[in-house]
$ cat input_12.csv   # CSV, N, CA and C atoms
chain,number,residue,atom,x,y,z
A,1456,MET,N,106.7,145.3,112.4
A,1456,MET,CA,106.3,146.4,113.3
A,1456,MET,C,107.4,147.5,113.1
A,1457,TYR,N,106.9,148.7,113.0
A,1457,TYR,CA,107.8,149.9,112.7
A,1457,TYR,C,108.0,150.8,113.9
A,1458,GLY,N,107.8,150.2,115.1
A,1458,GLY,CA,108.0,151.0,116.3
A,1458,GLY,C,107.9,150.2,117.5
A,1459,ASP,N,109.1,149.6,117.9
A,1459,ASP,CA,109.1,148.8,119.1
A,1459,ASP,C,109.0,149.7,120.3
A,1460,PRO,N,108.6,149.2,121.4
A,1460,PRO,CA,108.4,150.0,122.6
A,1460,PRO,C,109.6,150.8,123.0
A,1461,ALA,N,110.8,150.3,122.9
A,1461,ALA,CA,112.0,151.0,123.3
A,1461,ALA,C,112.3,152.2,122.3
A,1462,THR,N,112.0,152.1,121.1
A,1462,THR,CA,112.2,153.2,120.1
A,1462,THR,C,111.1,154.3,120.4
A,1463,ILE,N,109.9,153.8,120.6
A,1463,ILE,CA,108.8,154.8,120.9
A,1463,ILE,C,109.2,155.6,122.2
A,1464,ARG,N,109.6,154.9,123.2
A,1464,ARG,CA,110.0,155.5,124.5
A,1464,ARG,C,111.1,156.5,124.3
A,1465,LYS,N,112.1,156.1,123.5
A,1465,LYS,CA,113.3,157.0,123.2
A,1465,LYS,C,112.9,158.3,122.6
A,1466,ILE,N,112.0,158.2,121.5
A,1466,ILE,CA,111.6,159.4,120.8
A,1466,ILE,C,110.8,160.3,121.8
A,1467,LEU,N,109.9,159.7,122.5
A,1467,LEU,CA,109.0,160.5,123.4
A,1467,LEU,C,109.6,161.0,124.6
A,1468,THR,N,110.7,160.4,125.1
A,1468,THR,CA,111.3,160.9,126.4
A,1468,THR,C,112.7,161.3,126.3
A,1469,GLU,N,113.5,161.0,125.3
A,1469,GLU,CA,114.9,161.3,125.3
A,1469,GLU,C,115.4,162.2,124.2
A,1470,LEU,N,114.7,162.3,123.1
A,1470,LEU,CA,115.3,163.0,121.9
A,1470,LEU,C,115.0,164.4,121.8
A,1471,GLY,N,114.3,165.0,122.7
A,1471,GLY,CA,114.1,166.4,122.7
A,1471,GLY,C,112.6,166.7,122.6
A,1472,ASP,N,112.2,168.0,122.9
A,1472,ASP,CA,110.8,168.3,123.0
A,1472,ASP,C,110.3,169.3,121.9
A,1473,THR,N,111.1,169.5,120.9
A,1473,THR,CA,110.6,170.4,119.8
A,1473,THR,C,110.2,169.5,118.7
A,1474,TRP,N,108.9,169.5,118.4
A,1474,TRP,CA,108.3,168.6,117.4
A,1474,TRP,C,107.8,169.5,116.3
A,1475,ALA,N,108.2,169.2,115.0
A,1475,ALA,CA,107.6,169.8,113.8
A,1475,ALA,C,106.5,168.9,113.4
A,1476,VAL,N,105.3,169.4,113.3
A,1476,VAL,CA,104.2,168.5,112.9
A,1476,VAL,C,103.8,168.9,111.4
A,1477,VAL,N,104.2,168.1,110.5
A,1477,VAL,CA,104.0,168.4,109.1
A,1477,VAL,C,102.5,168.0,108.7
A,1478,GLY,N,101.8,169.0,108.2
A,1478,GLY,CA,100.4,168.8,107.9
A,1478,GLY,C,99.5,169.4,109.0
A,1479,LEU,N,100.0,170.1,110.0
A,1479,LEU,CA,99.3,170.7,111.0
A,1479,LEU,C,98.7,172.1,110.6
A,1480,SER,N,97.4,172.3,110.6
A,1480,SER,CA,96.8,173.5,110.3
A,1480,SER,C,95.7,173.8,111.4
A,1481,ASN,N,95.0,174.8,111.2
A,1481,ASN,CA,93.9,175.2,112.2
A,1481,ASN,C,92.6,174.4,111.9
A,1482,ASN,N,92.6,173.4,111.0
A,1482,ASN,CA,91.5,172.6,110.8
A,1482,ASN,C,91.3,171.6,111.9
A,1483,GLN,N,90.3,171.9,112.8
A,1483,GLN,CA,90.1,171.2,114.0
A,1483,GLN,C,89.5,169.8,113.7
A,1484,ASP,N,89.1,169.5,112.5
A,1484,ASP,CA,88.6,168.2,112.1
A,1484,ASP,C,89.7,167.2,111.8
A,1485,ARG,N,90.9,167.7,111.6
A,1485,ARG,CA,92.0,166.9,111.2
A,1485,ARG,C,92.7,166.3,112.4
A,1486,ALA,N,93.1,165.1,112.3
A,1486,ALA,CA,93.8,164.4,113.4
A,1486,ALA,C,95.0,165.2,113.9
A,1487,ALA,N,95.7,165.8,113.0
A,1487,ALA,CA,96.9,166.5,113.4
A,1487,ALA,C,96.6,167.6,114.5
A,1488,TYR,N,95.5,168.2,114.4
A,1488,TYR,CA,95.1,169.3,115.4
A,1488,TYR,C,95.0,168.7,116.8
A,1489,GLY,N,94.3,167.6,116.9
A,1489,GLY,CA,94.2,167.0,118.3
A,1489,GLY,C,95.5,166.4,118.8
A,1490,VAL,N,96.2,165.7,117.9
A,1490,VAL,CA,97.5,165.1,118.3
A,1490,VAL,C,98.4,166.2,118.8
A,1491,ALA,N,98.5,167.3,118.1
A,1491,ALA,CA,99.4,168.4,118.5
A,1491,ALA,C,99.0,168.9,119.9
A,1492,ARG,N,97.7,169.0,120.2
A,1492,ARG,CA,97.3,169.4,121.5
A,1492,ARG,C,97.7,168.4,122.6
A,1493,VAL,N,97.6,167.2,122.3
A,1493,VAL,CA,98.1,166.2,123.3
A,1493,VAL,C,99.6,166.3,123.5
A,1494,LEU,N,100.3,166.4,122.4
A,1494,LEU,CA,101.8,166.6,122.6
A,1494,LEU,C,102.1,167.8,123.4
A,1495,GLN,N,101.4,168.9,123.2
A,1495,GLN,CA,101.6,170.1,124.1
A,1495,GLN,C,101.3,169.8,125.5
A,1496,ARG,N,100.3,169.1,125.8
A,1496,ARG,CA,99.9,168.8,127.2
A,1496,ARG,C,101.0,168.0,127.9
A,1497,PHE,N,101.8,167.2,127.1
A,1497,PHE,CA,102.9,166.4,127.6
A,1497,PHE,C,104.2,167.1,127.5
A,1498,GLY,N,104.2,168.4,127.3
A,1498,GLY,CA,105.4,169.2,127.4
A,1498,GLY,C,106.2,169.4,126.1
A,1499,LYS,N,105.6,169.0,125.0
A,1499,LYS,CA,106.3,169.2,123.7
A,1499,LYS,C,106.0,170.5,123.1
A,1500,ARG,N,107.0,171.1,122.5
A,1500,ARG,CA,106.8,172.3,121.7
A,1500,ARG,C,106.4,171.9,120.3
A,1501,VAL,N,105.2,172.3,119.8
A,1501,VAL,CA,104.7,171.8,118.6
A,1501,VAL,C,104.8,172.9,117.5
A,1502,ILE,N,105.5,172.7,116.5
A,1502,ILE,CA,105.7,173.7,115.4
A,1502,ILE,C,104.9,173.2,114.2
A,1503,PRO,N,103.9,174.0,113.8
A,1503,PRO,CA,103.1,173.6,112.6
A,1503,PRO,C,103.9,173.8,111.3
A,1504,VAL,N,103.8,172.8,110.5
A,1504,VAL,CA,104.4,172.9,109.1
A,1504,VAL,C,103.3,172.6,108.1
A,1505,HIS,N,103.0,173.6,107.4
A,1505,HIS,CA,101.9,173.5,106.4
A,1505,HIS,C,102.0,174.6,105.4
A,1506,PRO,N,101.6,174.4,104.1
A,1506,PRO,CA,101.8,175.4,103.2
A,1506,PRO,C,101.1,176.8,103.6
A,1507,LYS,N,100.1,176.7,104.4
A,1507,LYS,CA,99.5,177.9,104.8
A,1507,LYS,C,100.3,178.7,105.9
A,1508,ALA,N,101.2,178.0,106.6
A,1508,ALA,CA,102.0,178.5,107.6
A,1508,ALA,C,101.2,179.3,108.7
A,1509,GLU,N,100.2,178.6,109.1
A,1509,GLU,CA,99.3,179.2,110.1
A,1509,GLU,C,99.8,179.1,111.5
A,1510,THR,N,99.5,180.0,112.4
A,1510,THR,CA,99.7,179.8,113.8
A,1510,THR,C,98.7,178.9,114.4
A,1511,VAL,N,99.2,177.8,115.1
A,1511,VAL,CA,98.3,176.8,115.6
A,1511,VAL,C,98.7,176.5,117.1
A,1512,HIS,N,97.7,176.5,117.9
A,1512,HIS,CA,98.0,176.2,119.4
A,1512,HIS,C,99.0,177.2,119.9
A,1513,GLY,N,99.0,178.5,119.4
A,1513,GLY,CA,99.9,179.5,119.9
A,1513,GLY,C,101.3,179.5,119.3
A,1514,GLU,N,101.6,178.6,118.4
A,1514,GLU,CA,102.9,178.5,117.8
A,1514,GLU,C,102.8,178.9,116.3
A,1515,PRO,N,103.7,179.8,115.9
A,1515,PRO,CA,103.7,180.3,114.5
A,1515,PRO,C,104.1,179.1,113.6
A,1516,GLY,N,103.5,179.0,112.4
A,1516,GLY,CA,103.7,178.0,111.5
A,1516,GLY,C,104.7,178.4,110.4
A,1517,TYR,N,105.2,177.3,109.8
A,1517,TYR,CA,106.2,177.5,108.7
A,1517,TYR,C,105.7,176.7,107.5
A,1518,ALA,N,106.1,177.2,106.3
A,1518,ALA,CA,105.6,176.5,105.1
A,1518,ALA,C,106.4,175.2,104.8
A,1519,SER,N,107.6,175.1,105.3
A,1519,SER,CA,108.4,173.9,105.1
A,1519,SER,C,109.3,173.7,106.3
A,1520,LEU,N,109.9,172.5,106.4
A,1520,LEU,CA,110.9,172.2,107.5
A,1520,LEU,C,112.1,173.1,107.3
A,1521,ALA,N,112.5,173.4,106.1
A,1521,ALA,CA,113.7,174.2,105.8
A,1521,ALA,C,113.5,175.6,106.3
A,1522,ASP,N,112.2,176.1,106.4
A,1522,ASP,CA,111.9,177.5,106.8
A,1522,ASP,C,112.1,177.7,108.4
A,1523,ILE,N,112.1,176.6,109.1
A,1523,ILE,CA,112.2,176.7,110.6
A,1523,ILE,C,113.6,177.2,111.0
A,1524,PRO,N,113.7,178.3,111.7
A,1524,PRO,CA,115.0,178.9,112.0
A,1524,PRO,C,115.7,178.3,113.2
A,1525,PHE,N,115.2,177.2,113.7
A,1525,PHE,CA,115.8,176.6,114.9
A,1525,PHE,C,115.8,175.1,114.8
A,1526,LYS,N,116.5,174.4,115.7
A,1526,LYS,CA,116.6,173.0,115.6
A,1526,LYS,C,115.2,172.3,116.0
A,1527,VAL,N,114.9,171.4,115.2
A,1527,VAL,CA,113.7,170.5,115.4
A,1527,VAL,C,114.2,169.1,115.8
A,1528,ASP,N,113.7,168.6,116.9
A,1528,ASP,CA,114.1,167.3,117.4
A,1528,ASP,C,113.4,166.1,116.7
A,1529,VAL,N,112.1,166.3,116.6
A,1529,VAL,CA,111.3,165.2,116.0
A,1529,VAL,C,110.4,165.8,114.9
A,1530,VAL,N,110.3,165.1,113.8
A,1530,VAL,CA,109.4,165.5,112.7
A,1530,VAL,C,108.2,164.5,112.7
A,1531,ASP,N,107.0,164.9,113.0
A,1531,ASP,CA,105.8,164.1,113.0
A,1531,ASP,C,105.1,164.3,111.7
A,1532,VAL,N,104.8,163.3,111.0
A,1532,VAL,CA,104.3,163.4,109.6
A,1532,VAL,C,102.9,163.0,109.4
A,1533,PHE,N,102.1,164.0,109.1
A,1533,PHE,CA,100.6,163.8,108.9
A,1533,PHE,C,100.3,164.0,107.4
A,1534,VAL,N,101.1,163.6,106.5
A,1534,VAL,CA,100.7,163.6,105.1
A,1534,VAL,C,100.5,162.2,104.6
A,1535,ASN,N,99.9,162.1,103.4
A,1535,ASN,CA,99.7,160.7,102.9
A,1535,ASN,C,101.0,160.0,102.5
A,1536,SER,N,101.0,158.7,102.5
A,1536,SER,CA,102.2,157.9,102.3
A,1536,SER,C,103.0,158.3,101.1
A,1537,GLU,N,102.3,158.7,100.0
A,1537,GLU,CA,103.0,159.1,98.8
A,1537,GLU,C,103.9,160.3,99.0
A,1538,LEU,N,103.5,161.2,99.9
A,1538,LEU,CA,104.3,162.4,100.2
A,1538,LEU,C,105.2,162.3,101.4
A,1539,ALA,N,105.1,161.2,102.1
A,1539,ALA,CA,105.9,161.1,103.4
A,1539,ALA,C,107.4,160.9,103.2
A,1540,GLY,N,107.8,160.2,102.2
A,1540,GLY,CA,109.2,159.9,101.9
A,1540,GLY,C,110.0,161.2,101.8
A,1541,PRO,N,109.6,162.1,100.9
A,1541,PRO,CA,110.3,163.4,100.8
A,1541,PRO,C,110.4,164.2,102.1
A,1542,VAL,N,109.3,164.1,102.9
A,1542,VAL,CA,109.3,164.8,104.2
A,1542,VAL,C,110.4,164.1,105.1
A,1543,ALA,N,110.5,162.8,105.1
A,1543,ALA,CA,111.5,162.1,105.9
A,1543,ALA,C,112.9,162.6,105.5
A,1544,ASP,N,113.1,162.7,104.2
A,1544,ASP,CA,114.4,163.1,103.6
A,1544,ASP,C,114.7,164.6,104.1
A,1545,GLN,N,113.7,165.4,104.1
A,1545,GLN,CA,113.9,166.8,104.6
A,1545,GLN,C,114.2,166.8,106.0
A,1546,ALA,N,113.6,165.9,106.8
A,1546,ALA,CA,113.9,165.8,108.3
A,1546,ALA,C,115.4,165.5,108.5
A,1547,ALA,N,115.9,164.6,107.7
A,1547,ALA,CA,117.3,164.3,107.8
A,1547,ALA,C,118.2,165.5,107.4
A,1548,ALA,N,117.7,166.2,106.4
A,1548,ALA,CA,118.5,167.3,105.9
A,1548,ALA,C,118.6,168.5,106.9
A,1549,VAL,N,117.5,168.7,107.7
A,1549,VAL,CA,117.5,169.8,108.6
A,1549,VAL,C,118.1,169.4,110.0
A,1550,GLY,N,118.5,168.1,110.1
A,1550,GLY,CA,119.2,167.7,111.4
A,1550,GLY,C,118.3,167.2,112.5
A,1551,ALA,N,117.1,166.8,112.1
A,1551,ALA,CA,116.2,166.2,113.1
A,1551,ALA,C,116.8,164.9,113.7
A,1552,GLU,N,116.4,164.6,114.9
A,1552,GLU,CA,116.9,163.4,115.5
A,1552,GLU,C,116.0,162.2,115.2
A,1553,ALA,N,114.7,162.4,114.9
A,1553,ALA,CA,113.8,161.3,114.7
A,1553,ALA,C,112.7,161.8,113.8
A,1554,VAL,N,112.0,160.8,113.1
A,1554,VAL,CA,110.9,161.0,112.3
A,1554,VAL,C,109.8,160.0,112.8
A,1555,TRP,N,108.6,160.6,112.8
A,1555,TRP,CA,107.4,159.8,113.3
A,1555,TRP,C,106.3,159.8,112.2
A,1556,PHE,N,106.1,158.7,111.5
A,1556,PHE,CA,105.0,158.6,110.6
A,1556,PHE,C,103.7,158.2,111.3
A,1557,GLN,N,102.6,158.9,111.1
A,1557,GLN,CA,101.4,158.7,111.8
A,1557,GLN,C,100.7,157.4,111.4
A,1558,LEU,N,99.7,157.0,112.1
A,1558,LEU,CA,98.9,155.9,111.7
A,1558,LEU,C,98.5,155.9,110.2
A,1559,GLY,N,98.7,154.8,109.5
A,1559,GLY,CA,98.3,154.8,108.1
A,1559,GLY,C,99.3,155.4,107.2
A,1560,VAL,N,100.4,156.0,107.7
A,1560,VAL,CA,101.4,156.6,106.8
A,1560,VAL,C,102.6,155.6,106.8
A,1561,ILE,N,102.7,154.9,105.6
A,1561,ILE,CA,103.7,153.9,105.5
A,1561,ILE,C,104.5,154.0,104.2
A,1562,ASP,N,105.8,154.0,104.3
A,1562,ASP,CA,106.7,154.1,103.2
A,1562,ASP,C,108.0,153.4,103.7
A,1563,GLU,N,108.1,152.1,103.3
A,1563,GLU,CA,109.2,151.3,103.8
A,1563,GLU,C,110.5,151.7,103.3
A,1564,ALA,N,110.6,152.3,102.0
A,1564,ALA,CA,111.8,152.8,101.5
A,1564,ALA,C,112.3,154.0,102.3
A,1565,ALA,N,111.3,154.9,102.6
A,1565,ALA,CA,111.7,156.0,103.5
A,1565,ALA,C,112.1,155.6,104.8
A,1566,TYR,N,111.5,154.6,105.4
A,1566,TYR,CA,111.9,154.1,106.7
A,1566,TYR,C,113.3,153.6,106.7
A,1567,ALA,N,113.7,152.8,105.6
A,1567,ALA,CA,115.0,152.3,105.5
A,1567,ALA,C,116.0,153.5,105.3
A,1568,ARG,N,115.7,154.4,104.5
A,1568,ARG,CA,116.6,155.6,104.2
A,1568,ARG,C,116.8,156.4,105.5
A,1569,THR,N,115.8,156.6,106.2
A,1569,THR,CA,115.8,157.4,107.4
A,1569,THR,C,116.7,156.8,108.5
A,1570,ARG,N,116.5,155.5,108.7
A,1570,ARG,CA,117.3,154.7,109.6
A,1570,ARG,C,118.7,154.7,109.2
A,1571,GLU,N,119.0,154.5,107.9
A,1571,GLU,CA,120.4,154.5,107.4
A,1571,GLU,C,121.0,155.8,107.6
A,1572,ALA,N,120.3,156.9,107.6
A,1572,ALA,CA,120.8,158.2,107.8
A,1572,ALA,C,121.1,158.5,109.2
A,1573,GLY,N,120.8,157.6,110.1
A,1573,GLY,CA,121.1,157.7,111.5
A,1573,GLY,C,120.0,158.3,112.4
A,1574,LEU,N,118.8,158.5,111.8
A,1574,LEU,CA,117.7,159.0,112.6
A,1574,LEU,C,116.9,157.8,113.2
A,1575,THR,N,116.3,158.1,114.3
A,1575,THR,CA,115.4,157.1,114.9
A,1575,THR,C,114.0,157.3,114.2
A,1576,MET,N,113.3,156.2,114.0
A,1576,MET,CA,112.0,156.3,113.3
A,1576,MET,C,111.0,155.4,113.7
A,1577,VAL,N,109.8,155.9,113.8
A,1577,VAL,CA,108.6,155.1,114.0
A,1577,VAL,C,107.6,155.3,112.9
A,1578,MET,N,106.9,154.3,112.5
A,1578,MET,CA,106.0,154.4,111.4
A,1578,MET,C,104.7,153.7,111.7
A,1579,ASP,N,103.6,154.3,111.2
A,1579,ASP,CA,102.2,153.7,111.4
A,1579,ASP,C,101.8,153.6,112.9
A,1580,ARG,N,102.2,154.6,113.6
A,1580,ARG,CA,101.8,154.7,115.1
A,1580,ARG,C,101.4,156.2,115.4
A,1581,CYS,N,100.8,156.4,116.5
A,1581,CYS,CA,100.4,157.7,116.9
A,1581,CYS,C,101.0,158.1,118.3
A,1582,PRO,N,101.7,159.2,118.4
A,1582,PRO,CA,102.3,159.6,119.7
A,1582,PRO,C,101.2,159.9,120.7
A,1583,ALA,N,100.1,160.4,120.3
A,1583,ALA,CA,99.0,160.8,121.2
A,1583,ALA,C,98.4,159.5,121.9
A,1584,ILE,N,98.6,158.4,121.2
A,1584,ILE,CA,98.2,157.1,121.8
A,1584,ILE,C,99.3,156.6,122.7
A,1585,GLU,N,100.5,156.7,122.3
A,1585,GLU,CA,101.7,156.1,123.0
A,1585,GLU,C,102.1,156.9,124.2
A,1586,ILE,N,102.1,158.2,124.1
A,1586,ILE,CA,102.7,159.0,125.2
A,1586,ILE,C,101.9,158.9,126.5
A,1587,PRO,N,100.6,158.8,126.6
A,1587,PRO,CA,100.0,158.6,127.9
A,1587,PRO,C,100.3,157.3,128.6
A,1588,ALA,N,100.7,156.3,127.8
A,1588,ALA,CA,101.1,155.0,128.3
A,1588,ALA,C,102.4,155.0,129.0
A,1589,LEU,N,103.2,156.0,128.8
A,1589,LEU,CA,104.5,156.1,129.4
A,1589,LEU,C,104.4,156.6,130.8
$ encode --input "input_12.csv" --output "structure tokens"
Amino acid sequence: MYGDPATIRKILTELGDTWAVVGLSNNQDRAAYGVARVLQRFGKRVIPVHPKAETVHGEPGYASLADIPFKVDVVDVFVNSELAGPVADQAAAVGAEAVWFQLGVIDEAAYARTREAGLTMVMDRCPAIEIPAL
């Protein structure tokens, strides 16, 4: 299991409210769009990170994590597993506190690297499912 209840609670309630959502665009058919809306309803500031750098849910987007000019607390990853590891590494490089890999996004090597770098991490879970339970 890549996200025990204590770690999930810590990310959702203690590590800060600025979430970069990698893979978030204005495509309403994608899971990232709905999850971002749920996170906003629970008080999170959701920053879209997508090559298109679109404004989503009222927040301007950025093409990469490195382009965000302020601190991000949590990086929520909606890219496929093959691309997720480099995103986790970028999250560590920009000083994020935690990384969250969405349902179906699994990279055990990235999980180990991210934890070794001192970040809190959850993998193969969805914050939109977890946060209402808190």
$ residues_around --input "input_12.csv" --residues "region 1494-1504 of chain A" --least-positions-apart "2" --cutoff "6.5 Å" --atoms "only N, CA and C atoms" --output "list in words"
Asp1472, Thr1473, Trp1474, Ala1475, Val1476, Val1477, Gly1478, Leu1479, Ser1480, Gly1489, Val1490, Ala1491, Arg1492, Pro1506, Lys1507, Ala1508, Glu1509, Val1511, Glu1514, Pro1515, Gly1516, Tyr1517, Ala1518, Ser1519, Leu1520 and Ala1583 of chain A
$ closest_atom_pairs --input "input_12.csv" --of "region 1462-1511 of chain A" --to "region 1559-1576 of chain A" --cutoff "8 Å" --atoms "only N, CA and C atoms" --output "tab-separated table"
residue	atom	partner	partner_atom	distance
A:Thr1462	C	A:Met1576	C	6.8
A:Ile1463	N	A:Met1576	C	7.2
A:Ile1466	CA	A:Thr1575	C	7.3
$ residues_around --input "input_12.csv" --residues "Cys1581 (chain A)" --least-positions-apart "5" --cutoff "6.5 Å" --atoms "only N, CA and C atoms" --output "list of chain:residue names"
A:Phe1556, A:Gln1557, A:Leu1558, A:Ile1586
$ atom_distance --input "input_12.csv" --atom1 "atom N of Leu1470 (chain A)" --atom2 "CA of Met1578 (chain A)"
16.6 Å
$ atom_distance --input "input_12.csv" --atom1 "atom N of Gln1483 (chain A)" --atom2 "atom C of Phe1533 (chain A)"
13.8 Å
$ select_by_dssp --input "input_12.csv" --residues "chain A" --states "strand (DSSP E or B)" --output "list in words"
Thr1473, Trp1474, Ala1475, Val1476, Val1477, Arg1500, Val1501, Ile1502, Pro1503, Val1504, Val1511, Glu1514, Tyr1517, Val1529, Val1530, Asp1531, Val1532, Ala1553, Val1554, Trp1555, Phe1556, Thr1575, Met1576 and Val1577 of chain A
$ atom_distance --input "input_12.csv" --atom1 "atom N of Asp1484 (chain A)" --atom2 "atom C of Arg1580 (chain A)"
18.3 Å
